[in-house]
>>> print(open('my_file.pdb').read())   # PDB, C-alpha atoms
ATOM      1  CA  MET G  25     -82.132 -24.505  23.268  1.00  0.00           C
ATOM      2  CA  ALA G  26     -81.045 -20.902  23.440  1.00  0.00           C
ATOM      3  CA  ASP G  27     -82.138 -18.545  20.672  1.00  0.00           C
ATOM      4  CA  GLN G  28     -78.532 -17.963  19.752  1.00  0.00           C
ATOM      5  CA  LEU G  29     -75.161 -19.541  20.404  1.00  0.00           C
ATOM      6  CA  LEU G  30     -71.968 -17.552  20.702  1.00  0.00           C
ATOM      7  CA  ASP G  31     -68.694 -19.466  20.699  1.00  0.00           C
ATOM      8  CA  THR G  32     -65.831 -17.453  22.189  1.00  0.00           C
ATOM      9  CA  LYS G  33     -63.559 -20.412  22.965  1.00  0.00           C
ATOM     10  CA  GLY G  34     -59.925 -19.411  22.631  1.00  0.00           C
ATOM     11  CA  LEU G  35     -60.674 -15.719  23.030  1.00  0.00           C
ATOM     12  CA  ASN G  36     -59.430 -13.775  26.007  1.00  0.00           C
ATOM     13  CA  CYS G  37     -60.786 -10.826  28.009  1.00  0.00           C
ATOM     14  CA  PRO G  38     -62.462  -8.558  27.026  1.00  0.00           C
ATOM     15  CA  LEU G  39     -63.566 -10.285  23.814  1.00  0.00           C
ATOM     16  CA  PRO G  40     -66.130 -12.701  25.348  1.00  0.00           C
ATOM     17  CA  ILE G  41     -68.015  -9.754  26.887  1.00  0.00           C
ATOM     18  CA  LEU G  42     -67.681  -7.539  23.820  1.00  0.00           C
ATOM     19  CA  LYS G  43     -68.879 -10.276  21.460  1.00  0.00           C
ATOM     20  CA  ALA G  44     -71.738 -11.139  23.820  1.00  0.00           C
ATOM     21  CA  LYS G  45     -72.832  -7.506  23.834  1.00  0.00           C
ATOM     22  CA  LYS G  46     -72.825  -7.500  20.034  1.00  0.00           C
ATOM     23  CA  ALA G  47     -74.682 -10.831  19.796  1.00  0.00           C
ATOM     24  CA  LEU G  48     -77.352  -9.653  22.228  1.00  0.00           C
ATOM     25  CA  LYS G  49     -78.357  -6.966  19.745  1.00  0.00           C
ATOM     26  CA  THR G  50     -79.722  -9.668  17.430  1.00  0.00           C
ATOM     27  CA  VAL G  51     -81.450 -11.641  20.184  1.00  0.00           C
ATOM     28  CA  PRO G  52     -85.162 -10.843  20.492  1.00  0.00           C
ATOM     29  CA  ASN G  53     -86.417  -9.234  23.719  1.00  0.00           C
ATOM     30  CA  GLY G  54     -86.958 -11.954  26.287  1.00  0.00           C
ATOM     31  CA  GLY G  55     -84.783 -14.287  24.213  1.00  0.00           C
ATOM     32  CA  THR G  56     -81.708 -16.225  25.319  1.00  0.00           C
ATOM     33  CA  LEU G  57     -78.060 -16.284  24.308  1.00  0.00           C
ATOM     34  CA  GLU G  58     -75.780 -19.207  25.066  1.00  0.00           C
ATOM     35  CA  ILE G  59     -72.083 -18.372  25.347  1.00  0.00           C
ATOM     36  CA  LEU G  60     -69.137 -20.747  25.374  1.00  0.00           C
ATOM     37  CA  SER G  61     -65.798 -19.511  26.699  1.00  0.00           C
ATOM     38  CA  THR G  62     -62.425 -20.846  27.755  1.00  0.00           C
ATOM     39  CA  ASP G  63     -61.539 -17.645  29.654  1.00  0.00           C
ATOM     40  CA  ALA G  64     -61.669 -18.393  33.392  1.00  0.00           C
ATOM     41  CA  GLY G  65     -62.121 -14.687  34.114  1.00  0.00           C
ATOM     42  CA  SER G  66     -65.380 -14.713  32.175  1.00  0.00           C
ATOM     43  CA  VAL G  67     -67.154 -16.422  35.081  1.00  0.00           C
ATOM     44  CA  ALA G  68     -67.008 -13.322  37.260  1.00  0.00           C
ATOM     45  CA  ASP G  69     -67.248 -11.078  34.196  1.00  0.00           C
ATOM     46  CA  PHE G  70     -70.568 -12.400  32.911  1.00  0.00           C
ATOM     47  CA  ALA G  71     -72.098 -12.182  36.383  1.00  0.00           C
ATOM     48  CA  ALA G  72     -70.965  -8.560  36.635  1.00  0.00           C
ATOM     49  CA  PHE G  73     -72.095  -7.857  33.069  1.00  0.00           C
ATOM     50  CA  CYS G  74     -75.583  -9.173  33.817  1.00  0.00           C
ATOM     51  CA  ARG G  75     -75.885  -7.265  37.096  1.00  0.00           C
ATOM     52  CA  THR G  76     -74.901  -4.034  35.363  1.00  0.00           C
ATOM     53  CA  THR G  77     -76.874  -4.401  32.142  1.00  0.00           C
ATOM     54  CA  GLY G  78     -80.087  -5.992  33.396  1.00  0.00           C
ATOM     55  CA  ASN G  79     -79.636  -9.180  31.390  1.00  0.00           C
ATOM     56  CA  GLU G  80     -80.424 -12.279  33.445  1.00  0.00           C
ATOM     57  CA  LEU G  81     -77.815 -14.979  33.994  1.00  0.00           C
ATOM     58  CA  LEU G  82     -80.003 -18.082  33.694  1.00  0.00           C
ATOM     59  CA  GLU G  83     -77.352 -20.749  33.672  1.00  0.00           C
ATOM     60  CA  GLN G  84     -73.673 -20.975  34.348  1.00  0.00           C
ATOM     61  CA  GLY G  85     -71.484 -24.056  34.274  1.00  0.00           C
ATOM     62  CA  GLU G  86     -68.152 -25.550  33.321  1.00  0.00           C
ATOM     63  CA  GLU G  87     -67.234 -28.750  31.587  1.00  0.00           C
ATOM     64  CA  GLY G  88     -63.746 -29.808  30.612  1.00  0.00           C
ATOM     65  CA  GLY G  89     -62.333 -26.299  30.755  1.00  0.00           C
ATOM     66  CA  VAL G  90     -65.168 -24.794  28.721  1.00  0.00           C
ATOM     67  CA  TYR G  91     -67.442 -22.353  30.523  1.00  0.00           C
ATOM     68  CA  ARG G  92     -71.058 -22.129  29.467  1.00  0.00           C
ATOM     69  CA  PHE G  93     -73.389 -19.217  30.168  1.00  0.00           C
ATOM     70  CA  VAL G  94     -77.010 -18.662  29.240  1.00  0.00           C
ATOM     71  CA  LEU G  95     -78.173 -15.069  29.338  1.00  0.00           C
ATOM     72  CA  ARG G  96     -81.722 -13.809  28.957  1.00  0.00           C
ATOM     73  CA  LYS G  97     -82.348 -10.403  27.468  1.00  0.00           C
ATOM     74  CA  PRO G  98     -84.964  -8.374  29.333  1.00  0.00           C
ATOM     75  CA  ALA G  99     -88.415  -8.656  27.791  1.00  0.00           C
TER      76      ALA G  99
ATOM     77  CA  MET R  14     -79.233   1.200  38.702  1.00  0.00           C
ATOM     78  CA  SER R  15     -78.340   4.066  41.021  1.00  0.00           C
ATOM     79  CA  ASN R  16     -75.997   3.818  43.973  1.00  0.00           C
ATOM     80  CA  GLY R  17     -76.730   7.176  45.519  1.00  0.00           C
ATOM     81  CA  THR R  18     -74.185   8.976  43.373  1.00  0.00           C
ATOM     82  CA  GLU R  19     -76.771  10.632  41.220  1.00  0.00           C
ATOM     83  CA  MET R  20     -78.707  11.774  44.276  1.00  0.00           C
ATOM     84  CA  SER R  21     -75.770  13.436  45.972  1.00  0.00           C
ATOM     85  CA  THR R  22     -73.772  14.776  43.017  1.00  0.00           C
ATOM     86  CA  GLY R  23     -76.161  14.894  40.094  1.00  0.00           C
ATOM     87  CA  ILE R  24     -73.670  12.847  38.060  1.00  0.00           C
ATOM     88  CA  ASP R  25     -74.855   9.783  36.168  1.00  0.00           C
ATOM     89  CA  PRO R  26     -72.943   6.851  37.714  1.00  0.00           C
ATOM     90  CA  HIS R  27     -72.672   5.164  34.344  1.00  0.00           C
ATOM     91  CA  THR R  28     -70.156   7.630  32.911  1.00  0.00           C
ATOM     92  CA  MET R  29     -66.419   7.257  32.576  1.00  0.00           C
ATOM     93  CA  SER R  30     -63.525   9.275  31.220  1.00  0.00           C
ATOM     94  CA  ILE R  31     -59.975   8.134  30.580  1.00  0.00           C
ATOM     95  CA  ILE R  32     -56.918  10.320  30.014  1.00  0.00           C
ATOM     96  CA  VAL R  33     -54.599   8.268  27.800  1.00  0.00           C
ATOM     97  CA  THR R  34     -50.994   9.392  28.118  1.00  0.00           C
ATOM     98  CA  LYS R  35     -48.843   6.456  27.016  1.00  0.00           C
ATOM     99  CA  GLY R  36     -48.180   5.125  23.555  1.00  0.00           C
ATOM    100  CA  SER R  37     -46.449   1.804  23.994  1.00  0.00           C
ATOM    101  CA  LEU R  38     -48.059  -1.537  23.184  1.00  0.00           C
ATOM    102  CA  ASP R  39     -48.396  -2.600  26.803  1.00  0.00           C
ATOM    103  CA  TRP R  40     -49.827   0.734  27.939  1.00  0.00           C
ATOM    104  CA  ALA R  41     -52.313   0.773  25.047  1.00  0.00           C
ATOM    105  CA  TYR R  42     -54.234  -2.157  26.475  1.00  0.00           C
ATOM    106  CA  PRO R  43     -55.628  -0.807  29.769  1.00  0.00           C
ATOM    107  CA  PRO R  44     -57.411   2.229  28.279  1.00  0.00           C
ATOM    108  CA  PHE R  45     -58.906   0.308  25.343  1.00  0.00           C
ATOM    109  CA  ILE R  46     -59.944  -2.710  27.388  1.00  0.00           C
ATOM    110  CA  LEU R  47     -61.563  -0.527  30.031  1.00  0.00           C
ATOM    111  CA  ALA R  48     -63.259   1.726  27.482  1.00  0.00           C
ATOM    112  CA  THR R  49     -64.706  -1.108  25.381  1.00  0.00           C
ATOM    113  CA  THR R  50     -65.816  -3.159  28.369  1.00  0.00           C
ATOM    114  CA  ALA R  51     -67.409  -0.167  30.066  1.00  0.00           C
ATOM    115  CA  ALA R  52     -69.213   0.711  26.845  1.00  0.00           C
ATOM    116  CA  ALA R  53     -70.414  -2.891  26.561  1.00  0.00           C
ATOM    117  CA  MET R  54     -71.784  -2.562  30.075  1.00  0.00           C
ATOM    118  CA  GLY R  55     -73.777   0.515  29.192  1.00  0.00           C
ATOM    119  CA  LEU R  56     -71.448   3.270  30.356  1.00  0.00           C
ATOM    120  CA  GLU R  57     -70.909   6.444  28.390  1.00  0.00           C
ATOM    121  CA  VAL R  58     -67.165   6.617  27.826  1.00  0.00           C
ATOM    122  CA  THR R  59     -64.827   9.415  26.751  1.00  0.00           C
ATOM    123  CA  MET R  60     -61.130   8.930  25.985  1.00  0.00           C
ATOM    124  CA  PHE R  61     -58.812  11.949  25.911  1.00  0.00           C
ATOM    125  CA  PHE R  62     -55.575  11.166  24.074  1.00  0.00           C
ATOM    126  CA  THR R  63     -52.642  13.327  25.060  1.00  0.00           C
ATOM    127  CA  PHE R  64     -48.852  13.192  24.816  1.00  0.00           C
ATOM    128  CA  TYR R  65     -47.729   9.732  23.827  1.00  0.00           C
ATOM    129  CA  GLY R  66     -51.326   8.515  24.009  1.00  0.00           C
ATOM    130  CA  LEU R  67     -52.011  10.507  20.865  1.00  0.00           C
ATOM    131  CA  THR R  68     -50.062   7.927  18.855  1.00  0.00           C
ATOM    132  CA  LEU R  69     -52.794   5.398  19.658  1.00  0.00           C
ATOM    133  CA  LEU R  70     -55.042   7.314  17.247  1.00  0.00           C
ATOM    134  CA  LYS R  71     -52.718   6.904  14.274  1.00  0.00           C
ATOM    135  CA  LYS R  72     -54.171   5.097  11.244  1.00  0.00           C
ATOM    136  CA  ASP R  73     -51.026   3.024  11.010  1.00  0.00           C
ATOM    137  CA  LEU R  74     -50.397   1.601  14.458  1.00  0.00           C
ATOM    138  CA  LYS R  75     -46.860   0.393  14.920  1.00  0.00           C
ATOM    139  CA  LEU R  76     -46.851  -0.035  18.646  1.00  0.00           C
ATOM    140  CA  GLN R  77     -43.768  -1.241  20.411  1.00  0.00           C
ATOM    141  CA  VAL R  78     -42.858  -2.369  23.875  1.00  0.00           C
ATOM    142  CA  SER R  79     -39.529  -2.035  25.665  1.00  0.00           C
ATOM    143  CA  SER R  80     -38.178  -3.875  28.641  1.00  0.00           C
ATOM    144  CA  LEU R  81     -35.903  -0.922  29.421  1.00  0.00           C
ATOM    145  CA  GLY R  82     -36.371   0.240  32.989  1.00  0.00           C
ATOM    146  CA  ASN R  83     -39.280  -2.161  33.305  1.00  0.00           C
ATOM    147  CA  PRO R  84     -38.217  -4.667  35.973  1.00  0.00           C
ATOM    148  CA  GLY R  85     -41.766  -6.017  36.108  1.00  0.00           C
ATOM    149  CA  MET R  86     -41.547  -7.265  32.568  1.00  0.00           C
ATOM    150  CA  LYS R  87     -40.829 -10.966  32.755  1.00  0.00           C
ATOM    151  CA  MET R  88     -42.112 -12.891  29.786  1.00  0.00           C
ATOM    152  CA  PRO R  89     -42.847 -16.590  29.536  1.00  0.00           C
ATOM    153  CA  MET R  90     -39.871 -18.093  27.741  1.00  0.00           C
ATOM    154  CA  MET R  91     -38.506 -21.596  27.711  1.00  0.00           C
ATOM    155  CA  GLY R  92     -40.788 -22.740  30.497  1.00  0.00           C
ATOM    156  CA  MET R  93     -40.016 -19.892  32.900  1.00  0.00           C
ATOM    157  CA  HIS R  94     -40.442 -16.122  33.205  1.00  0.00           C
ATOM    158  CA  MET R  95     -37.459 -14.147  32.027  1.00  0.00           C
ATOM    159  CA  GLY R  96     -36.507 -10.501  32.002  1.00  0.00           C
ATOM    160  CA  MET R  97     -33.856  -8.771  29.947  1.00  0.00           C
ATOM    161  CA  PRO R  98     -30.930  -6.696  31.222  1.00  0.00           C
ATOM    162  CA  ASN R  99     -31.429  -2.977  30.468  1.00  0.00           C
ATOM    163  CA  ILE R 100     -28.229  -2.852  28.446  1.00  0.00           C
ATOM    164  CA  VAL R 101     -29.655  -5.336  25.951  1.00  0.00           C
ATOM    165  CA  SER R 102     -32.560  -2.973  25.129  1.00  0.00           C
ATOM    166  CA  ALA R 103     -29.963  -0.465  23.932  1.00  0.00           C
ATOM    167  CA  ILE R 104     -28.978  -2.747  21.075  1.00  0.00           C
ATOM    168  CA  PRO R 105     -30.706  -1.675  17.853  1.00  0.00           C
ATOM    169  CA  GLY R 106     -33.536  -3.976  16.872  1.00  0.00           C
ATOM    170  CA  VAL R 107     -34.009  -5.553  20.288  1.00  0.00           C
ATOM    171  CA  ASP R 108     -37.096  -3.518  21.190  1.00  0.00           C
ATOM    172  CA  ALA R 109     -38.598  -4.248  17.777  1.00  0.00           C
ATOM    173  CA  ALA R 110     -37.973  -7.969  18.260  1.00  0.00           C
ATOM    174  CA  ALA R 111     -39.445  -7.887  21.767  1.00  0.00           C
ATOM    175  CA  SER R 112     -42.508  -6.146  20.335  1.00  0.00           C
ATOM    176  CA  VAL R 113     -42.958  -8.841  17.695  1.00  0.00           C
ATOM    177  CA  MET R 114     -42.655 -11.514  20.379  1.00  0.00           C
ATOM    178  CA  MET R 115     -45.217  -9.735  22.530  1.00  0.00           C
ATOM    179  CA  LYS R 116     -47.642  -9.411  19.607  1.00  0.00           C
ATOM    180  CA  ASN R 117     -47.240 -13.104  18.772  1.00  0.00           C
ATOM    181  CA  LEU R 118     -47.925 -14.020  22.382  1.00  0.00           C
ATOM    182  CA  ILE R 119     -51.011 -11.801  22.364  1.00  0.00           C
ATOM    183  CA  LYS R 120     -52.305 -13.457  19.194  1.00  0.00           C
ATOM    184  CA  LYS R 121     -51.541 -16.939  20.487  1.00  0.00           C
ATOM    185  CA  LYS R 122     -53.496 -16.325  23.683  1.00  0.00           C
ATOM    186  CA  GLY R 123     -56.570 -15.074  21.844  1.00  0.00           C
ATOM    187  CA  VAL R 124     -56.199 -11.536  23.135  1.00  0.00           C
ATOM    188  CA  ALA R 125     -57.521  -8.816  20.846  1.00  0.00           C
ATOM    189  CA  SER R 126     -55.091  -6.600  18.973  1.00  0.00           C
ATOM    190  CA  ILE R 127     -55.129  -2.867  19.670  1.00  0.00           C
ATOM    191  CA  ASP R 128     -56.490  -2.293  16.155  1.00  0.00           C
ATOM    192  CA  GLU R 129     -59.412  -4.562  16.937  1.00  0.00           C
ATOM    193  CA  LEU R 130     -60.092  -3.003  20.338  1.00  0.00           C
ATOM    194  CA  ARG R 131     -59.919   0.472  18.886  1.00  0.00           C
ATOM    195  CA  GLU R 132     -62.386  -0.454  16.154  1.00  0.00           C
ATOM    196  CA  LEU R 133     -64.728  -1.914  18.774  1.00  0.00           C
ATOM    197  CA  ALA R 134     -64.418   1.296  20.776  1.00  0.00           C
ATOM    198  CA  VAL R 135     -65.361   3.401  17.747  1.00  0.00           C
ATOM    199  CA  GLU R 136     -68.286   1.062  16.987  1.00  0.00           C
ATOM    200  CA  ALA R 137     -69.452   1.372  20.583  1.00  0.00           C
ATOM    201  CA  ASP R 138     -69.579   5.168  20.230  1.00  0.00           C
ATOM    202  CA  VAL R 139     -66.780   5.796  22.710  1.00  0.00           C
ATOM    203  CA  ARG R 140     -66.102   9.527  22.450  1.00  0.00           C
ATOM    204  CA  MET R 141     -62.484  10.167  21.497  1.00  0.00           C
ATOM    205  CA  ILE R 142     -60.758  13.507  21.858  1.00  0.00           C
ATOM    206  CA  ALA R 143     -57.269  14.288  20.527  1.00  0.00           C
ATOM    207  CA  CYS R 144     -55.244  16.815  22.484  1.00  0.00           C
ATOM    208  CA  GLN R 145     -54.688  19.876  20.291  1.00  0.00           C
ATOM    209  CA  MET R 146     -51.584  20.940  22.188  1.00  0.00           C
ATOM    210  CA  THR R 147     -49.925  17.571  21.658  1.00  0.00           C
ATOM    211  CA  LEU R 148     -50.714  17.711  17.932  1.00  0.00           C
ATOM    212  CA  ASP R 149     -48.896  21.042  17.757  1.00  0.00           C
ATOM    213  CA  LEU R 150     -46.082  20.067  20.085  1.00  0.00           C
ATOM    214  CA  PHE R 151     -45.078  16.868  18.323  1.00  0.00           C
ATOM    215  CA  GLU R 152     -46.092  18.165  14.876  1.00  0.00           C
ATOM    216  CA  TYR R 153     -48.704  15.506  14.212  1.00  0.00           C
ATOM    217  CA  SER R 154     -51.500  15.987  11.724  1.00  0.00           C
ATOM    218  CA  MET R 155     -55.078  14.778  12.057  1.00  0.00           C
ATOM    219  CA  ASP R 156     -54.580  13.318   8.555  1.00  0.00           C
ATOM    220  CA  ASP R 157     -52.373  10.681  10.176  1.00  0.00           C
ATOM    221  CA  MET R 158     -55.141   9.801  12.614  1.00  0.00           C
ATOM    222  CA  ILE R 159     -58.209   7.625  12.236  1.00  0.00           C
ATOM    223  CA  GLU R 160     -61.491   9.258  11.295  1.00  0.00           C
ATOM    224  CA  GLY R 161     -63.695  10.318  14.121  1.00  0.00           C
ATOM    225  CA  PRO R 162     -61.831  11.865  17.064  1.00  0.00           C
ATOM    226  CA  GLU R 163     -62.613  15.449  17.968  1.00  0.00           C
ATOM    227  CA  ILE R 164     -59.902  17.953  18.826  1.00  0.00           C
ATOM    228  CA  GLY R 165     -59.837  19.629  22.201  1.00  0.00           C
ATOM    229  CA  GLY R 166     -57.732  20.985  25.010  1.00  0.00           C
ATOM    230  CA  ALA R 167     -57.523  20.619  28.743  1.00  0.00           C
ATOM    231  CA  ALA R 168     -60.719  22.559  29.402  1.00  0.00           C
ATOM    232  CA  THR R 169     -62.601  20.224  27.084  1.00  0.00           C
ATOM    233  CA  TYR R 170     -61.397  17.302  29.151  1.00  0.00           C
ATOM    234  CA  ILE R 171     -62.148  19.007  32.479  1.00  0.00           C
ATOM    235  CA  GLU R 172     -65.729  19.603  31.410  1.00  0.00           C
ATOM    236  CA  VAL R 173     -66.102  15.919  30.536  1.00  0.00           C
ATOM    237  CA  ALA R 174     -64.548  14.995  33.877  1.00  0.00           C
ATOM    238  CA  THR R 175     -66.972  17.146  35.874  1.00  0.00           C
ATOM    239  CA  GLN R 176     -69.811  15.189  34.290  1.00  0.00           C
ATOM    240  CA  SER R 177     -68.155  11.820  34.686  1.00  0.00           C
ATOM    241  CA  HIS R 178     -68.488   9.486  37.662  1.00  0.00           C
ATOM    242  CA  ILE R 179     -65.300   7.560  36.908  1.00  0.00           C
ATOM    243  CA  ASN R 180     -62.199   9.476  35.802  1.00  0.00           C
ATOM    244  CA  LEU R 181     -59.054   7.537  35.096  1.00  0.00           C
ATOM    245  CA  PHE R 182     -55.512   8.646  34.318  1.00  0.00           C
ATOM    246  CA  ILE R 183     -53.570   5.980  32.431  1.00  0.00           C
TER     247      ILE R 183
END
>>> encode(input="my_file.pdb", output="structure tokens")
Amino acid sequence: MADQLLDTKGLNCPLPILKAKKALKTVPNGGTLEILSTDAGSVADFAAFCRTTGNELLEQGEEGGVYRFVLRKPA
Amino acid sequence: MSNGTEMSTGIDPHTMSIIVTKGSLDWAYPPFILATTAAAMGLEVTMFFTFYGLTLLKKDLKLQVSSLGNPGMKMPMMGMHMGMPNIVSAIPGVDAAASVMMKNLIKKKGVASIDELRELAVEADVRMIACQMTLDLFEYSMDDMIEGPEIGGAATYIEVATQSHINLFI
């Protein structure tokens, strides 16, 4: 279970990334954030976001058109 | 996360500046999307609003879009993509109606409004500079603009650009 869940279903670029950035502020260091999205572009976006910000992309998957990401904030 | 830029030029690679020159609804999106996303990814961003871009700083945003002279504008309508003949844009009210349709489409697709993106940009400490010359030229007042932006001229922007790894003209 991730420390926090962020549901961005129905929101389009760049909102999933912007809301994730905001949500990460309240996640403790070393903690995890689970993000749900229906934006197909968010797959590449979250990978790029993690590479650039140092957050770790722990999990990434898709089920029934909903993309799921689990990010870990650096400790 | 360096890529050699800092070594060779002394410029922090995580810096970006955008010159914003257009004030229509469609042209408002690229600068605000890029600025907010870059800020979310840890870049230091500056936006310089000049000419028609200055209108994007107004408190009361009434952005419009026109299909006039825009052959690339083909909107999803009745199951296909349709454009509008230029002559139709000349009819009073058509641009306003097209703008309403565009805004409805934006809302329907879960895309942020420009108001929302601008607020996110301000929250993310994106530096915003209003072009002094444009304020004078088009007789705008900073009272009409949102709180926050500084006032500057071309030299102000050039200084920012010399310290910025990514410089965009939109």
>>> resolve_selection(input="my_file.pdb", expression="the PyMOL selection byres ((chain G) within 12 of (chain R))", output="JSON, numbers by chain")
{"G": [32, 33, 34, 35, 36, 37, 38, 39, 40, 41, 42, 43, 44, 45, 46, 47, 48, 49, 61, 62, 63, 69, 70, 71, 72, 73, 74, 75, 76, 77, 78, 79]}
>>> atom_distance(input="my_file.pdb", atom1="atom CA of R:Arg140", atom2="atom CA of R:Ile24")
17.7 Å
>>> closest_residue(input="my_file.pdb", among="G:Gly55, G:Leu60, G:Asp31, G:Ala68", to="G:Glu87", atoms="all atoms listed in the file")
G:Leu60
>>> residues_around(input="my_file.pdb", residues="G:Glu83", least_positions_apart="2", cutoff="6 Å", atoms="all atoms listed in the file", output="list of chain:residue names")
G:Leu81, G:Phe93, G:Val94
>>> atom_distance(input="my_file.pdb", atom1="atom CA of R:Leu70", atom2="atom CA of R:Ile179")
22.2 Å
>>> closest_residue(input="my_file.pdb", among="R:Ile142, R:Val113, R:Val107, R:Leu76", to="R:Glu160", atoms="all atoms listed in the file")
R:Ile142
>>> resolve_selection(input="my_file.pdb", expression="the PyMOL selection byres ((chain R and resi 66) around 8)", output="PDB file with C-alpha atoms, in the coordinates of the input")
ATOM      1  CA  VAL R  33     -54.599   8.268  27.800  1.00  0.00           C
ATOM      2  CA  THR R  34     -50.994   9.392  28.118  1.00  0.00           C
ATOM      3  CA  LYS R  35     -48.843   6.456  27.016  1.00  0.00           C
ATOM      4  CA  GLY R  36     -48.180   5.125  23.555  1.00  0.00           C
ATOM      5  CA  ALA R  41     -52.313   0.773  25.047  1.00  0.00           C
ATOM      6  CA  PHE R  62     -55.575  11.166  24.074  1.00  0.00           C
ATOM      7  CA  THR R  63     -52.642  13.327  25.060  1.00  0.00           C
ATOM      8  CA  PHE R  64     -48.852  13.192  24.816  1.00  0.00           C
ATOM      9  CA  TYR R  65     -47.729   9.732  23.827  1.00  0.00           C
ATOM     10  CA  LEU R  67     -52.011  10.507  20.865  1.00  0.00           C
ATOM     11  CA  THR R  68     -50.062   7.927  18.855  1.00  0.00           C
ATOM     12  CA  LEU R  69     -52.794   5.398  19.658  1.00  0.00           C
ATOM     13  CA  LEU R  70     -55.042   7.314  17.247  1.00  0.00           C
TER      14      LEU R  70
END
>>> resolve_selection(input="my_file.pdb", expression="the PyMOL selection byres ((chain R and resi 79) around 9)", output="list in words")
Ser37, Leu38, Asp39, Gln77, Val78, Ser80, Leu81, Gly82, Asn83, Met86, Ser102, Val107, Asp108, Ala109, Ala111 and Ser112 of chain R
>>> write_last_selection(input="my_file.pdb", atoms="C-alpha atoms", output="short mmCIF file (atom, residue, chain, number, x, y, z; two decimals), in the coordinates of the input")
data_model
loop_
_atom_site.label_atom_id
_atom_site.label_comp_id
_atom_site.auth_asym_id
_atom_site.auth_seq_id
_atom_site.Cartn_x
_atom_site.Cartn_y
_atom_site.Cartn_z
CA SER R 37 -46.45 1.80 23.99
CA LEU R 38 -48.06 -1.54 23.18
CA ASP R 39 -48.40 -2.60 26.80
CA GLN R 77 -43.77 -1.24 20.41
CA VAL R 78 -42.86 -2.37 23.88
CA SER R 80 -38.18 -3.88 28.64
CA LEU R 81 -35.90 -0.92 29.42
CA GLY R 82 -36.37 0.24 32.99
CA ASN R 83 -39.28 -2.16 33.30
CA MET R 86 -41.55 -7.26 32.57
CA SER R 102 -32.56 -2.97 25.13
CA VAL R 107 -34.01 -5.55 20.29
CA ASP R 108 -37.10 -3.52 21.19
CA ALA R 109 -38.60 -4.25 17.78
CA ALA R 111 -39.44 -7.89 21.77
CA SER R 112 -42.51 -6.15 20.34
#
>>> atom_distance(input="my_file.pdb", atom1="atom CA of G:Gln84", atom2="atom CA of G:Val67")
8.0 Å
>>> closest_residue(input="my_file.pdb", among="R:Ile127, R:Met97, R:Pro84, R:Gly165", to="R:Met141", atoms="all atoms listed in the file")
R:Gly165
>>> residues_near_point(input="my_file.pdb", point="(-60.5, 8.0, 35.2)", cutoff="8 Å", atoms="only C-alpha atoms", output="NGL selection string")
:R and (29-32 or 179-183)
>>> closest_residue(input="my_file.pdb", among="G:Leu95, G:Leu82, G:Ala26, G:Val90", to="G:Ala64", atoms="all atoms listed in the file")
G:Val90
>>> build_atoms(input="my_file.pdb", residues="stretch 123-135 of chain R", atoms="N, CA and C atoms", output="PDB file, in the frame of the given file")
ATOM      1  N   GLY R 123     -55.201 -15.495  22.162  1.00  0.00           N
ATOM      2  CA  GLY R 123     -56.570 -15.074  21.844  1.00  0.00           C
ATOM      3  C   GLY R 123     -56.930 -13.720  22.423  1.00  0.00           C
ATOM      4  N   VAL R 124     -55.935 -12.902  22.657  1.00  0.00           N
ATOM      5  CA  VAL R 124     -56.199 -11.536  23.135  1.00  0.00           C
ATOM      6  C   VAL R 124     -56.352 -10.644  21.908  1.00  0.00           C
ATOM      7  N   ALA R 125     -57.275  -9.698  21.987  1.00  0.00           N
ATOM      8  CA  ALA R 125     -57.521  -8.816  20.846  1.00  0.00           C
ATOM      9  C   ALA R 125     -56.316  -7.925  20.566  1.00  0.00           C
ATOM     10  N   SER R 126     -56.143  -7.557  19.311  1.00  0.00           N
ATOM     11  CA  SER R 126     -55.091  -6.600  18.973  1.00  0.00           C
ATOM     12  C   SER R 126     -55.611  -5.203  19.295  1.00  0.00           C
ATOM     13  N   ILE R 127     -54.697  -4.231  19.391  1.00  0.00           N
ATOM     14  CA  ILE R 127     -55.129  -2.867  19.670  1.00  0.00           C
ATOM     15  C   ILE R 127     -55.997  -2.332  18.530  1.00  0.00           C
ATOM     16  N   ASP R 128     -55.656  -2.703  17.301  1.00  0.00           N
ATOM     17  CA  ASP R 128     -56.490  -2.293  16.155  1.00  0.00           C
ATOM     18  C   ASP R 128     -57.930  -2.745  16.367  1.00  0.00           C
ATOM     19  N   GLU R 129     -58.072  -4.007  16.756  1.00  0.00           N
ATOM     20  CA  GLU R 129     -59.412  -4.562  16.937  1.00  0.00           C
ATOM     21  C   GLU R 129     -60.150  -3.864  18.075  1.00  0.00           C
ATOM     22  N   LEU R 130     -59.462  -3.661  19.190  1.00  0.00           N
ATOM     23  CA  LEU R 130     -60.092  -3.003  20.338  1.00  0.00           C
ATOM     24  C   LEU R 130     -60.484  -1.572  19.996  1.00  0.00           C
ATOM     25  N   ARG R 131     -59.618  -0.913  19.236  1.00  0.00           N
ATOM     26  CA  ARG R 131     -59.919   0.472  18.886  1.00  0.00           C
ATOM     27  C   ARG R 131     -61.151   0.545  17.988  1.00  0.00           C
ATOM     28  N   GLU R 132     -61.231  -0.409  17.057  1.00  0.00           N
ATOM     29  CA  GLU R 132     -62.386  -0.454  16.154  1.00  0.00           C
ATOM     30  C   GLU R 132     -63.664  -0.720  16.940  1.00  0.00           C
ATOM     31  N   LEU R 133     -63.573  -1.620  17.932  1.00  0.00           N
ATOM     32  CA  LEU R 133     -64.728  -1.914  18.774  1.00  0.00           C
ATOM     33  C   LEU R 133     -65.121  -0.679  19.577  1.00  0.00           C
ATOM     34  N   ALA R 134     -64.133   0.085  20.010  1.00  0.00           N
ATOM     35  CA  ALA R 134     -64.418   1.296  20.776  1.00  0.00           C
ATOM     36  C   ALA R 134     -65.168   2.308  19.907  1.00  0.00           C
ATOM     37  N   VAL R 135     -64.699   2.467  18.671  1.00  0.00           N
ATOM     38  CA  VAL R 135     -65.361   3.401  17.747  1.00  0.00           C
ATOM     39  C   VAL R 135     -66.798   2.943  17.477  1.00  0.00           C
TER      40      VAL R 135
END
